[in-house]
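> Provided below: upload_13.cif, containing mmCIF, C-alpha atoms.
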```
data_run
#
loop_
_atom_site.group_PDB
_atom_site.id
_atom_site.type_symbol
_atom_site.label_atom_id
_atom_site.label_comp_id
_atom_site.auth_asym_id
_atom_site.auth_seq_id
_atom_site.Cartn_x
_atom_site.Cartn_y
_atom_site.Cartn_z
ATOM 1 C CA MET Y 1 150.644 161.858 68.136
ATOM 2 C CA GLN Y 2 150.088 158.128 68.352
ATOM 3 C CA LEU Y 3 151.957 156.287 65.589
ATOM 4 C CA LEU Y 4 150.557 152.974 64.384
ATOM 5 C CA GLY Y 5 153.051 150.727 62.601
ATOM 6 C CA VAL Y 6 151.292 149.274 59.569
ATOM 7 C CA ILE Y 7 151.588 145.607 58.615
ATOM 8 C CA ASP Y 8 149.877 144.660 55.346
ATOM 9 C CA LEU Y 9 149.220 140.916 55.259
ATOM 10 C CA MET Y 10 148.933 138.847 52.119
ATOM 11 C CA GLY Y 11 149.279 135.073 52.159
ATOM 12 C CA ARG Y 12 150.487 135.298 55.777
ATOM 13 C CA ARG Y 13 153.387 137.491 54.656
ATOM 14 C CA ALA Y 14 154.067 141.131 55.417
ATOM 15 C CA VAL Y 15 154.026 143.005 52.108
ATOM 16 C CA ARG Y 16 155.087 146.494 51.035
ATOM 17 C CA ALA Y 17 152.069 148.566 49.993
ATOM 18 C CA ARG Y 18 152.315 151.147 47.222
ATOM 19 C CA GLY Y 19 149.440 153.103 45.713
ATOM 20 C CA GLY Y 20 146.785 150.577 46.704
ATOM 21 C CA ILE Y 21 147.615 148.360 43.690
ATOM 22 C CA ARG Y 22 147.618 145.116 45.640
ATOM 23 C CA GLU Y 23 148.678 142.770 42.848
ATOM 24 C CA ARG Y 24 152.012 144.605 42.799
ATOM 25 C CA TYR Y 25 152.746 144.262 46.513
ATOM 26 C CA ALA Y 26 155.898 142.321 47.387
ATOM 27 C CA PRO Y 27 157.142 140.964 50.741
ATOM 28 C CA VAL Y 28 158.933 143.420 53.011
ATOM 29 C CA GLY Y 29 162.649 142.722 52.656
ATOM 30 C CA THR Y 30 164.472 144.816 55.214
ATOM 31 C CA ILE Y 31 164.092 147.832 57.465
ATOM 32 C CA GLY Y 32 167.486 149.435 57.710
ATOM 33 C CA ASP Y 33 169.842 146.611 58.596
ATOM 34 C CA THR Y 34 167.087 144.348 59.911
ATOM 35 C CA ALA Y 35 166.052 141.467 57.674
ATOM 36 C CA ILE Y 36 162.281 140.979 57.640
ATOM 37 C CA ASP Y 37 161.906 138.603 54.677
ATOM 38 C CA GLY Y 38 158.144 138.963 54.754
ATOM 39 C CA ASP Y 39 157.785 137.805 58.359
ATOM 40 C CA PRO Y 40 154.938 139.847 59.930
ATOM 41 C CA LEU Y 41 156.023 139.059 63.487
ATOM 42 C CA ALA Y 42 159.579 140.167 62.746
ATOM 43 C CA LEU Y 43 158.187 143.411 61.327
ATOM 44 C CA ALA Y 44 156.010 143.902 64.409
ATOM 45 C CA ARG Y 45 158.932 143.346 66.775
ATOM 46 C CA THR Y 46 161.071 145.780 64.769
ATOM 47 C CA TYR Y 47 158.394 148.468 65.038
ATOM 48 C CA VAL Y 48 158.199 147.957 68.798
ATOM 49 C CA ASP Y 49 161.822 147.230 69.732
ATOM 50 C CA GLN Y 50 163.690 149.534 67.336
ATOM 51 C CA PHE Y 51 161.201 152.365 66.770
ATOM 52 C CA GLY Y 52 159.457 152.347 70.135
ATOM 53 C CA LEU Y 53 155.942 152.098 68.708
ATOM 54 C CA SER Y 54 153.293 150.923 71.127
ATOM 55 C CA THR Y 55 150.478 150.079 68.696
ATOM 56 C CA LEU Y 56 150.271 148.116 65.452
ATOM 57 C CA TYR Y 57 147.838 148.259 62.546
ATOM 58 C CA ALA Y 58 147.229 145.122 60.486
ATOM 59 C CA ALA Y 59 145.438 145.168 57.141
ATOM 60 C CA ASP Y 60 144.523 141.573 56.277
ATOM 61 C CA LEU Y 61 144.342 141.935 52.506
ATOM 62 C CA ASP Y 62 143.262 138.314 52.044
ATOM 63 C CA ALA Y 63 140.206 138.789 54.253
ATOM 64 C CA ILE Y 64 139.465 142.215 52.756
ATOM 65 C CA GLY Y 65 139.426 140.546 49.333
ATOM 66 C CA GLY Y 66 136.922 137.928 50.485
ATOM 67 C CA GLY Y 67 139.338 135.193 51.590
ATOM 68 C CA GLN Y 68 140.109 133.653 54.950
ATOM 69 C CA THR Y 69 141.221 135.767 57.894
ATOM 70 C CA ASN Y 70 144.878 135.285 58.853
ATOM 71 C CA GLY Y 71 143.850 134.457 62.415
ATOM 72 C CA VAL Y 72 147.096 132.821 63.511
ATOM 73 C CA VAL Y 73 149.117 135.843 62.375
ATOM 74 C CA ILE Y 74 146.717 138.316 63.993
ATOM 75 C CA ARG Y 75 146.895 136.450 67.290
ATOM 76 C CA GLY Y 76 150.684 136.500 67.077
ATOM 77 C CA LEU Y 77 150.736 140.244 66.385
ATOM 78 C CA ALA Y 78 148.471 140.841 69.376
ATOM 79 C CA ASP Y 79 151.059 139.092 71.545
ATOM 80 C CA VAL Y 80 153.675 141.653 70.407
ATOM 81 C CA ALA Y 81 151.601 144.823 70.943
ATOM 82 C CA PRO Y 82 148.015 146.089 70.812
ATOM 83 C CA VAL Y 83 146.878 145.797 67.206
ATOM 84 C CA TRP Y 84 144.068 147.395 65.220
ATOM 85 C CA VAL Y 85 142.842 144.993 62.542
ATOM 86 C CA ASP Y 86 141.141 145.613 59.212
ATOM 87 C CA ALA Y 87 139.916 142.240 57.970
ATOM 88 C CA GLY Y 88 136.898 143.148 55.870
ATOM 89 C CA VAL Y 89 134.544 143.492 58.849
ATOM 90 C CA SER Y 90 130.908 143.845 57.776
ATOM 91 C CA SER Y 91 128.990 142.495 60.778
ATOM 92 C CA ALA Y 92 129.050 142.394 64.570
ATOM 93 C CA ASP Y 93 130.034 138.718 64.461
ATOM 94 C CA ASN Y 94 133.030 139.540 62.242
ATOM 95 C CA ALA Y 95 134.111 142.278 64.624
ATOM 96 C CA GLN Y 96 133.724 140.086 67.693
ATOM 97 C CA ARG Y 97 135.855 137.361 66.105
ATOM 98 C CA LEU Y 98 138.678 139.874 65.651
ATOM 99 C CA ILE Y 99 138.347 141.009 69.262
ATOM 100 C CA ASP Y 100 138.455 137.369 70.333
ATOM 101 C CA LEU Y 101 141.675 136.939 68.332
ATOM 102 C CA GLY Y 102 143.191 139.736 70.398
ATOM 103 C CA ALA Y 103 142.529 142.833 68.288
ATOM 104 C CA ALA Y 104 142.474 146.027 70.356
ATOM 105 C CA ARG Y 105 140.180 147.606 67.765
ATOM 106 C CA ALA Y 106 138.220 146.109 64.904
ATOM 107 C CA VAL Y 107 138.514 148.334 61.850
ATOM 108 C CA VAL Y 108 135.362 148.726 59.773
ATOM 109 C CA ALA Y 109 136.368 150.044 56.362
ATOM 110 C CA LEU Y 110 134.286 152.006 53.897
ATOM 111 C CA GLU Y 111 135.654 149.708 51.192
ATOM 112 C CA THR Y 112 133.747 146.727 52.643
ATOM 113 C CA LEU Y 113 130.962 148.456 54.605
ATOM 114 C CA THR Y 114 127.421 147.451 53.633
ATOM 115 C CA SER Y 115 125.539 150.211 55.454
ATOM 116 C CA PHE Y 116 125.859 152.746 58.249
ATOM 117 C CA GLU Y 117 123.188 150.753 60.077
ATOM 118 C CA ALA Y 118 125.597 147.807 60.060
ATOM 119 C CA LEU Y 119 128.293 150.057 61.502
ATOM 120 C CA SER Y 120 125.902 151.151 64.271
ATOM 121 C CA ALA Y 121 125.131 147.512 65.066
ATOM 122 C CA ILE Y 122 128.841 146.661 65.234
ATOM 123 C CA CYS Y 123 129.546 149.567 67.592
ATOM 124 C CA ALA Y 124 126.600 148.617 69.796
ATOM 125 C CA ALA Y 125 127.705 144.984 69.953
ATOM 126 C CA VAL Y 126 131.424 145.352 70.740
ATOM 127 C CA GLY Y 127 131.545 148.940 71.993
ATOM 128 C CA GLY Y 128 132.477 151.986 69.955
ATOM 129 C CA GLU Y 129 135.777 152.281 71.824
ATOM 130 C CA GLN Y 130 136.818 149.025 70.163
ATOM 131 C CA VAL Y 131 135.820 150.158 66.660
ATOM 132 C CA ALA Y 132 137.719 152.328 64.196
ATOM 133 C CA PHE Y 133 136.121 153.415 60.930
ATOM 134 C CA SER Y 134 138.476 153.574 57.960
ATOM 135 C CA LEU Y 135 137.380 156.218 55.484
ATOM 136 C CA ASP Y 136 139.022 154.729 52.412
ATOM 137 C CA LEU Y 137 139.834 157.085 49.552
ATOM 138 C CA ARG Y 138 141.588 156.796 46.231
ATOM 139 C CA ALA Y 139 142.889 160.116 44.914
ATOM 140 C CA GLY Y 140 140.404 161.878 47.166
ATOM 141 C CA GLU Y 141 137.350 159.837 46.106
ATOM 142 C CA PRO Y 142 135.574 157.405 48.478
ATOM 143 C CA VAL Y 143 136.286 153.741 47.775
ATOM 144 C CA ILE Y 144 132.993 151.862 47.809
ATOM 145 C CA ARG Y 145 132.760 148.198 46.893
ATOM 146 C CA VAL Y 146 129.141 147.098 47.201
ATOM 147 C CA PRO Y 147 126.577 145.792 44.667
ATOM 148 C CA PRO Y 148 124.875 148.576 42.679
ATOM 149 C CA ALA Y 149 121.634 148.016 44.618
ATOM 150 C CA GLY Y 150 123.382 147.967 48.006
ATOM 151 C CA PRO Y 151 122.567 150.258 50.944
ATOM 152 C CA LEU Y 152 125.444 152.611 50.133
ATOM 153 C CA ARG Y 153 124.350 153.087 46.539
ATOM 154 C CA GLY Y 154 125.087 156.610 45.391
ATOM 155 C CA THR Y 155 127.415 157.420 48.269
ATOM 156 C CA ARG Y 156 130.125 158.544 45.870
ATOM 157 C CA SER Y 157 127.879 161.198 44.370
ATOM 158 C CA THR Y 158 125.569 162.093 47.257
ATOM 159 C CA LEU Y 159 127.814 162.097 50.337
ATOM 160 C CA SER Y 160 131.013 164.075 50.693
ATOM 161 C CA VAL Y 161 134.026 162.792 52.592
ATOM 162 C CA THR Y 162 133.080 164.945 55.576
ATOM 163 C CA ASP Y 163 129.494 163.645 55.411
ATOM 164 C CA ILE Y 164 130.749 160.057 55.519
ATOM 165 C CA ALA Y 165 133.004 160.849 58.473
ATOM 166 C CA ALA Y 166 130.097 162.443 60.318
ATOM 167 C CA ARG Y 167 127.849 159.434 59.637
ATOM 168 C CA ALA Y 168 130.537 157.083 60.931
ATOM 169 C CA ALA Y 169 131.052 159.115 64.099
ATOM 170 C CA GLY Y 170 127.294 159.281 64.574
ATOM 171 C CA ALA Y 171 127.130 155.497 64.283
ATOM 172 C CA GLY Y 172 129.409 155.251 67.308
ATOM 173 C CA ALA Y 173 132.894 154.606 65.926
ATOM 174 C CA GLY Y 174 135.411 155.803 68.501
ATOM 175 C CA ALA Y 175 138.117 156.544 65.939
ATOM 176 C CA ILE Y 176 138.080 157.717 62.322
ATOM 177 C CA ILE Y 177 140.965 156.900 59.979
ATOM 178 C CA VAL Y 178 141.237 158.898 56.761
ATOM 179 C CA ILE Y 179 143.479 156.987 54.375
ATOM 180 C CA ASP Y 180 144.079 157.695 50.710
ATOM 181 C CA LEU Y 181 145.251 154.463 49.085
ATOM 182 C CA ALA Y 182 146.724 156.339 46.129
ATOM 183 C CA ARG Y 183 149.125 158.085 48.523
ATOM 184 C CA VAL Y 184 150.267 154.923 50.322
ATOM 185 C CA GLY Y 185 154.001 154.418 49.816
ATOM 186 C CA SER Y 186 154.191 157.522 47.627
ATOM 187 C CA ALA Y 187 155.944 159.950 50.001
ATOM 188 C CA THR Y 188 153.680 162.708 48.679
ATOM 189 C CA GLY Y 189 152.288 163.726 52.070
ATOM 190 C CA PRO Y 190 148.737 163.496 53.438
ATOM 191 C CA ASP Y 191 145.876 165.668 52.197
ATOM 192 C CA PHE Y 192 146.088 168.228 54.997
ATOM 193 C CA ASP Y 193 143.213 170.378 53.753
ATOM 194 C CA LEU Y 194 140.843 167.412 53.672
ATOM 195 C CA LEU Y 195 141.955 166.225 57.093
ATOM 196 C CA SER Y 196 141.354 169.693 58.487
ATOM 197 C CA ARG Y 197 137.784 169.644 57.171
ATOM 198 C CA VAL Y 198 137.173 166.180 58.597
ATOM 199 C CA ARG Y 199 138.599 167.282 61.952
ATOM 200 C CA ALA Y 200 136.118 170.151 62.076
ATOM 201 C CA GLU Y 201 133.249 167.801 61.202
ATOM 202 C CA VAL Y 202 134.019 165.076 63.779
ATOM 203 C CA ALA Y 203 135.358 167.094 66.681
ATOM 204 C CA GLY Y 204 134.411 164.439 69.231
ATOM 205 C CA ALA Y 205 136.084 161.433 67.603
ATOM 206 C CA MET Y 206 139.735 160.454 67.516
ATOM 207 C CA LEU Y 207 141.174 161.175 64.061
ATOM 208 C CA PHE Y 208 144.038 159.323 62.393
ATOM 209 C CA ALA Y 209 145.698 159.989 59.042
ATOM 210 C CA GLY Y 210 147.095 157.391 56.663
ATOM 211 C CA GLY Y 211 148.822 157.403 53.311
ATOM 212 C CA GLY Y 212 151.860 159.372 52.223
ATOM 213 C CA VAL Y 213 153.365 160.402 55.590
ATOM 214 C CA ARG Y 214 156.928 161.494 54.779
ATOM 215 C CA GLY Y 215 158.483 162.279 58.144
ATOM 216 C CA VAL Y 216 158.510 164.447 61.241
ATOM 217 C CA ALA Y 217 157.363 167.623 59.455
ATOM 218 C CA ASP Y 218 154.190 165.879 58.268
ATOM 219 C CA LEU Y 219 153.524 164.486 61.745
ATOM 220 C CA THR Y 220 153.971 167.945 63.262
ATOM 221 C CA ARG Y 221 151.542 169.456 60.782
ATOM 222 C CA LEU Y 222 149.010 166.672 61.425
ATOM 223 C CA ALA Y 223 149.262 167.302 65.163
ATOM 224 C CA ASP Y 224 148.786 171.035 64.617
ATOM 225 C CA LEU Y 225 145.524 170.502 62.731
ATOM 226 C CA GLY Y 226 144.208 168.228 65.469
ATOM 227 C CA CYS Y 227 144.946 164.666 64.379
ATOM 228 C CA ASP Y 228 145.408 162.206 67.222
ATOM 229 C CA GLY Y 229 147.757 159.951 65.312
ATOM 230 C CA ALA Y 230 148.943 158.518 62.009
ATOM 231 C CA LEU Y 231 149.468 155.214 60.252
ATOM 232 C CA VAL Y 232 153.088 154.823 59.162
ATOM 233 C CA ALA Y 233 155.025 152.213 57.201
ATOM 234 C CA SER Y 234 157.129 153.441 54.267
ATOM 235 C CA ALA Y 235 158.613 156.345 56.253
ATOM 236 C CA LEU Y 236 159.925 153.777 58.731
ATOM 237 C CA HIS Y 237 161.024 151.287 56.089
ATOM 238 C CA ASP Y 238 162.929 153.934 54.148
ATOM 239 C CA GLY Y 239 164.526 155.657 57.140
ATOM 240 C CA ALA Y 240 162.627 158.955 56.911
ATOM 241 C CA LEU Y 241 161.463 158.248 60.469
ATOM 242 C CA SER Y 242 163.739 156.672 63.022
ATOM 243 C CA ALA Y 243 163.894 156.110 66.764
ATOM 244 C CA SER Y 244 165.759 159.418 67.126
ATOM 245 C CA ARG Y 245 163.673 161.632 64.828
#
```
Give the structure from the file, written as structure tokens.


Amino acid sequence: MQLLGVIDLMGRRAVRARGGIRERYAPVGTIGDTAIDGDPLALARTYVDQFGLSTLYAADLDAIGGGQTNGVVIRGLADVAPVWVDAGVSSADNAQRLIDLGAARAVVALETLTSFEALSAICAAVGGEQVAFSLDLRAGEPVIRVPPAGPLRGTRSTLSVTDIAARAAGAGAGAIIVIDLARVGSATGPDFDLLSRVRAEVAGAMLFAGGGVRGVADLTRLADLGCDGALVASALHDGALSASR
């Protein structure tokens, strides 16, 4: 299992995510005895130096919300360790800019995706091995934020989660992330049944789980059902996962 240490960025600060309610996020204070004080680079170094993680995951909430990309921070994170970056990518140019900043993978999220054709174009332009598709859910329902007349109109009612995963894999994304925002920071555990169905649907793609991971038992169960890795944050912050367990 590959663990990706999550860093949620807001106003150039590392914030603690809970339930996907972004207006309630507050800067990360400490991890164990290590003071972070909202410093994303300090958080990244803690993940790498204290927990032995080799890969980071940055969610640029400012860019996802339509603001400017935190390019300086992303470049700094890339100097600490390989980093996957979700910054509201919706075009090949957006994805290439993230790669140029040092991102190991550009994350294309369902939340900001305009069409599966756009995802295909992104994968063709930068290479599917440098693209991860984030299948964003809230309480099990796909999160879609496009105009009513947009290309993904009706996706909530006409495409299941497994259908969306299959379309993303077919578009060329080398990795699929299934993340339920309602479970983030909740310590309720991932939706194992759903992940199992997605795994069966996209057998050829790497599969990562996000949202609600509580500890080693969850990671073991995810590995058993065929996940390649998981996004983790709260379990590290709260001590449920440590360098020794």

> May I have the residues within 10 Å of Ile31 of chain Y as a VMD selection string, using only C-alpha atoms and disregarding those fewer than 5 positions away in the same chain?

chain Y and resid 36 to 37 43 46 to 47 234 236 to 239

> Could you check which of Y:Gln96, Y:Ser90, Y:Gln130, Y:Thr188 is closest to Glu117 of chain Y, using all atoms listed in the file?

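Under the stated criterion, the closest residue is Y:Ser90.
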
> To verify the selection step, state as a ChimeraX atom specification which residues the PyMOL selection byres ((chain Y and resi 167-182) around 8) yields on this input.

/Y:18-20,116-117,119-120,123-124,128-140,163-166,183-184,186,190,195,202,205-211

> Measuring atom to atom with only C-alpha atoms, identify which of Y:Val232, Y:Leu61, Y:Leu222, Y:Val85 is nearest to Ile21 of chain Y.

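When distances to Ile21 of chain Y are compared using only C-alpha atoms, the smallest one comes from Y:Leu61.
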
> Expanded to explicit residues, what is the PyMOL selection byres ((chain Y and resi 217) around 12) for this file, as a short mmCIF file (atom, residue, chain, number, x, y, z; two decimals) with C-alpha atoms, in the frame of the given file?


```
data_model
loop_
_atom_site.label_atom_id
_atom_site.label_comp_id
_atom_site.auth_asym_id
_atom_site.auth_seq_id
_atom_site.Cartn_x
_atom_site.Cartn_y
_atom_site.Cartn_z
CA GLY Y 189 152.29 163.73 52.07
CA PRO Y 190 148.74 163.50 53.44
CA VAL Y 213 153.36 160.40 55.59
CA ARG Y 214 156.93 161.49 54.78
CA GLY Y 215 158.48 162.28 58.14
CA VAL Y 216 158.51 164.45 61.24
CA ASP Y 218 154.19 165.88 58.27
CA LEU Y 219 153.52 164.49 61.74
CA THR Y 220 153.97 167.94 63.26
CA ARG Y 221 151.54 169.46 60.78
CA LEU Y 222 149.01 166.67 61.42
CA ALA Y 223 149.26 167.30 65.16
CA ASP Y 224 148.79 171.04 64.62
CA ALA Y 235 158.61 156.34 56.25
CA ALA Y 240 162.63 158.96 56.91
CA LEU Y 241 161.46 158.25 60.47
CA ARG Y 245 163.67 161.63 64.83
#
```

> Y:Gly66, Y:Gly212, Y:Gly52, Y:Gly102: which is nearest Ala87 of chain Y, counting all atoms listed in the file?

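Checking each candidate against Ala87 of chain Y, we get Y:Gly66 as the closest.
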
> Which residue gives the smallest distance to Val89 of chain Y among Y:Leu194, Y:Ala200, Y:Leu4, Y:Ile64, with all atoms listed in the file counted?

Y:Ile64

> Residue by residue, what does the PyMOL selection byres ((chain Y and resi 41) around 12) grab here? Present the result as a count of residues only.

35
